[in-house]
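Trainee: Would you mind keeping the following structure in view while I ask a few things?
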Protein chains: 2
Amino acid sequence: MDYKAILDEIKPTAEEEKKVREVSEKLLDFINDKCSQDNIDAEAVLVGSVAKGTYLRGKSDIDLFIAFPLSCDKSYLKDTGLDLAHECCRAFNVKPYHQFASHPYVTTEIENFKIDFVPCYRINDGSQIKSAVDRTILHTIFVQANLSDSQKDEVLLLKRFMDMTETYGSEFKVGGFAGYLCELLIIEYGTFENTLRQAADWQFGHVIDLKGYGTAKKFKDPLVCIDPTDKNRNVGAALRLDKFSQFIQSARNFLNSDKKDEYFYPLAKELDKDSVLNEFKDRKSNLIAIKFNIPQIPLDTLHPQLKKTSESFKRILNSNDFLVFQTGYWTDEIDTAIILIELAVFELNDIKVHHGPRVFFKEGCSNFIEKFGFENCYILDDYIVSNVKREFTTPEAFIRHLITPDYISLIKVGKNLNKPLLKSYEICDINDLANDDEFLAFLDDFLYPNQHIRR
Amino acid sequence: MDYKAILDEIKPTAEEEKKVREVSEKLLDFINDKCSQDNIDAEAVLVGSVAKGTYLRGKSDIDLFIAFPLSCDKSYLKDTGLDLAHECCRAFNVKPYHQFASHPYVTTEIENFKIDFVPCYRINDGSQIKSAVDRTILHTIFVQANLSDSQKDEVLLLKRFMDMTETYGSEFKVGGFAGYLCELLIIEYGTFENTLRQAADWQFGHVIDLKGYGTAKKFKDPLVCIDPTDKNRNVGAALRLDKFSQFIQSARNFLNSDKKDEYFYPLAKELDKDSVLNEFKDRKSNLIAIKFNIPQIPLDTLHPQLKKTSESFKRILNSNDFLVFQTGYWTDEIDTAIILIELAVFELNDIKVHHGPRVFFKEGCSNFIEKFGFENCYILDDYIVSNVKREFTTPEAFIRHLITPDYISLIKVGKNLNKPLLKSYEICDINDLANDDEFLAFLDDFLYPNQHIRR
């Protein structure tokens, strides 16, 4: 296929390129001048997709790293780095925002560009890193040195394809492919199309080792891509098995498709509340929506905790005879999350077998009989058991029981969600929730999981 | 406790003893005279509980074995043995019935005694056996030589206790303790009460080896009782784990009871159809009764096949998301059997996940997509899957589907039941079936499993 039309839409315009270069240079110059004025041994470096020329149109975030020598201590680096960022913001008359990843940094917005100021150490080799961000400069240098201009277009096609099939982004919300990983894939495979042809045949644990370090055996991940700048790091470590698998299948779908260009645009789908809700009705499923407030925590903390909580509900419901079809979660990332549980059952009978010890444990059997009553105990195979009334015959009653201070520990709730869940949860009618367009889109994805890998 | 009152009721009366001795001797004399007249090298021997003096009142079945030398061939033994039995029946003017266990034999009834005529080989050691019945004479001799008169009473108490707690009888219907095993237990432990005290502490694989053969390690059964007449045979081989376990618990229940004498009489319980059916209603269970005709096959073939079929229904329903609480079966042993299934669920939702191959099998995924449709396939973890409509949302519909020629092989139906089930099954209303008193008793046992181990 001819990718020119696609590239015409996704490549930054000449104007955007010029503008981002100008702004970046102004910022670099300001900080580097300041450093020499104040005798600070540090250097501002442009990194990330802008520095590498691999950013999609409209996604020109400027990542400015302020690199200190390895000899200076962490608190000096942090204080001085953040000071420089603040002074830069003051000079450009914008408001700085503090961010705390594993590492503190400052963000702001200048002339519609999102800017990150990140203090780091200047290292020559991945093994020297003192903080997780230190490798970024090496990554930038490696890509600048190894990616040809025409390959930059291939990276753009790959990123766009992944974005539209929902496998792009290494943040926990997605668990997909990082930008740097896309660049390494193109360096390995040459073109977007060849990357997809190769990916269509990937097996679990596929190895990409551009520098031939031979260290892949250390990793058990679905995709092992040895970092050219650090032989002990897998660039694919954050790629989840499901996203790895979805990318493989979306590559096959694309290669077999006669509507290839559609894979570079959002799924054309008109959502309608009634048809979404009708599909749930057709399934005759029991749908339970648990809505609660979320705390102010980083998204990379929030999403894994929501995922864990949702999966834990599935596990505990299943192991208590309430057969779950699927669970999922949605959040506005501001103040609300909803865990959605789709069950195969509405109500169970009122009796179940409670197992005691095997009959050969005489003392244990005696205690069991004392507890459950002589008349109620019998032998099933070689266990002493008792029929007991189910405490809960509906999943909703069981869920309400679980979300109480004494029993919430039975669900593996993310640690920051425990209290908000207890305090604020309510079980909502899906008909009301579906009035929110974003939630409606979530419901549609819940009905048709990873529909974005198909066109 | 004082067992005299119990023994007064369960020991044969003097009259019964005299009568059974007289009849036995007349039969033995007739056959042995006949043998010497006709120059047949065979000898009639009285075996079993009558010969050993360990039969309960009213249970004086006369077991007459006709023993041939090891040198004669099987067909001669069979023809001559059955001829002798026939002539004996003719002489006593009663009708002979042919029976086929692993070995053919003749039964009849004389003066209200059930008589078995069984041709066998005369052996001196268990290792010489040519047919399964040959050991019986050795068993009789061993017990006669090793069980004292007072111990015979202990055997009676043990048999009666087991009978009333439903653990007595090695036939497949029960899977409990054989009479010979009871006798060996008393030889090992001396008294009924000591047997129960010891049994209360039995562990899985408990070994009784009266002759110290040291061959117990060959067996993996719950109870290993080495046959004193054959070191390579476990007398406990037919004892099922559940019956072994029930006996252990009934022993404990008895020893802790202040109503010990009640363990020697049937459970005092007035059955009432309404209260039995109300208990099922209270449980809110989904009860399905599958009634069908049974073929004319030995009970030791029928019962294992019914048990297997019932357990197979449980397994296949559970693995198809229809959660089973318990299954059981009842038969009149004449022409009808009923499999009863108690489920926790009435209806499921209308959708389930159908798993295809893992995504790494490219060809398999492609076939899966072709079969289930491109639009319906998605990735779950690292599998290609498709949501499919459940073919059956109720257990009854699924059961009716299973009992059809194309699908019955999914249930592990006993081989003699396959055709009758297909041809004659109907799903019945439990309210109608419960009008039969025997079936009502089964329902009550189904509601309160092994209730007989308690008083």
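Order determines the names: the first chain of the structure tokens is A, the second B, and so forth; residues in each chain are numbered 1 upward, and ligands are numbered 1 upward as they are shown.
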With a distance threshold of 7 Å and counting only C-alpha atoms, extract the residues of chain A near chain B and express them as a list in words.

Mentor: Asp201, Trp202, Gln203, Leu241, Asp242, Ser245, Gln246, Arg283, Lys284, Ser285, Phe325, Ala344, Val345, Leu348, Asn349, Asp350, Ile351, Lys352, Val359, Phe360, Lys362, Tyr378, Ile379, Leu380, Asp381, Asp382, Pro449 and Asn450 of chain A

Trainee: Go through segment 53-91 of chain A and collect every residue that DSSP, computed from the backbone, puts in strand (DSSP E); the answer should be as a list in words.

Mentor: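 Selecting the strand (DSSP E) positions of segment 53-91 of chain A gives Ile62, Asp63, Leu64, Phe65, Ile66, Ala67 and Phe68 of chain A.
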
Trainee: Report, in Å to a single decimal, how far apart atom CA of Lys34 of chain B and atom CA of Leu84 of chain B are.

Mentor: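 Separating atom CA of Leu84 of chain B from atom CA of Lys34 of chain B is a distance of 7.8 Å.
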
Trainee: Rank A:Thr336, A:Asn435, A:Ser257, A:Thr136 by their smallest atom-to-atom distance to Cys120 of chain A, using only C-alpha atoms, and report the top residue only.

Mentor: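 Comparing A:Thr336, A:Asn435, A:Ser257, A:Thr136 against Cys120 of chain A, the winner is A:Thr136.
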
Trainee: B:Ile66, B:Ala397, B:Ala268, B:Leu410: which is nearest Phe313 of chain B, counting only C-alpha atoms?

Mentor: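 Going through B:Ile66, B:Ala397, B:Ala268, B:Leu410 one by one, the smallest distance to Phe313 of chain B is for B:Leu410.
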
Trainee: Mind giving me the straight-line distance from atom CA of Tyr407 of chain A to atom CA of Pro357 of chain A in Å, one decimal?

Mentor: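 Atom CA of Pro357 of chain A lies 24.0 Å from atom CA of Tyr407 of chain A.
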
Trainee: Neighbours of Val174 of chain A within 9 Å (only C-alpha atoms; same-chain residues fewer than 3 positions away dropped), as a ChimeraX atom specification?

Mentor: /A:166-171,177,239-240,243,303

Trainee: Please save C-alpha atoms of the selected residues as a tab-separated table (two decimals), in the first residue's frame.

Mentor:
```
chain	number	residue	atom	x	y	z
A	166	GLU	CA	-4.73	0.52	21.36
A	167	THR	CA	-1.38	-1.14	21.87
A	168	TYR	CA	0.70	2.04	22.06
A	169	GLY	CA	1.99	3.46	25.32
A	170	SER	CA	3.98	1.93	28.16
A	171	GLU	CA	2.02	3.67	30.90
A	177	PHE	CA	4.65	-0.48	23.48
A	239	LEU	CA	4.65	-4.73	27.73
A	240	ARG	CA	1.81	-6.89	29.07
A	243	LYS	CA	-1.04	-6.18	24.59
A	303	HIS	CA	-4.61	2.04	37.00
```

Trainee: Neighbouring residues of Glu111 of chain A were defined as those with any atom within 10 Å, considering only C-alpha atoms; residues of the same chain fewer than 3 positions away were excluded. Please report them as a PyMOL selection string.

Mentor: chain A and resi 19-20+23+92+94+114-115

Trainee: Quote the spacing between atom CA of Leu267 of chain B and atom CA of Ala251 of chain B in Å to one decimal place.

Mentor: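 Straight-line distance from atom CA of Leu267 of chain B to atom CA of Ala251 of chain B works out to 15.9 Å.
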
Trainee: Give me, as a list of chain:residue names, all polymer residues having an atom no more than 8 Å from Tyr329 of chain B, counting only C-alpha atoms and skipping those fewer than 5 positions away in the same chain.

Mentor: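 In the requested format, the answer is B:Leu306, B:Lys307, B:Ser310, B:Ala337, B:Ile338, B:Ile339, B:Leu340.
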
Trainee: Generate the output file for the selected residues, C-alpha atoms, as a JSON list (two decimals), in the first residue's frame.

Mentor:
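Below is the file that was written, result-v1.json:
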```json
[["chain", "number", "residue", "atom", "x", "y", "z"],
["B", 306, "LEU", "CA", -25.57, -46.28, 37.87],
["B", 307, "LYS", "CA", -23.02, -44.75, 40.23],
["B", 310, "SER", "CA", -24.65, -40.29, 38.17],
["B", 337, "ALA", "CA", -33.67, -46.37, 37.84],
["B", 338, "ILE", "CA", -33.74, -42.68, 38.66],
["B", 339, "ILE", "CA", -30.76, -40.34, 38.60],
["B", 340, "LEU", "CA", -31.33, -37.34, 40.81]]
```
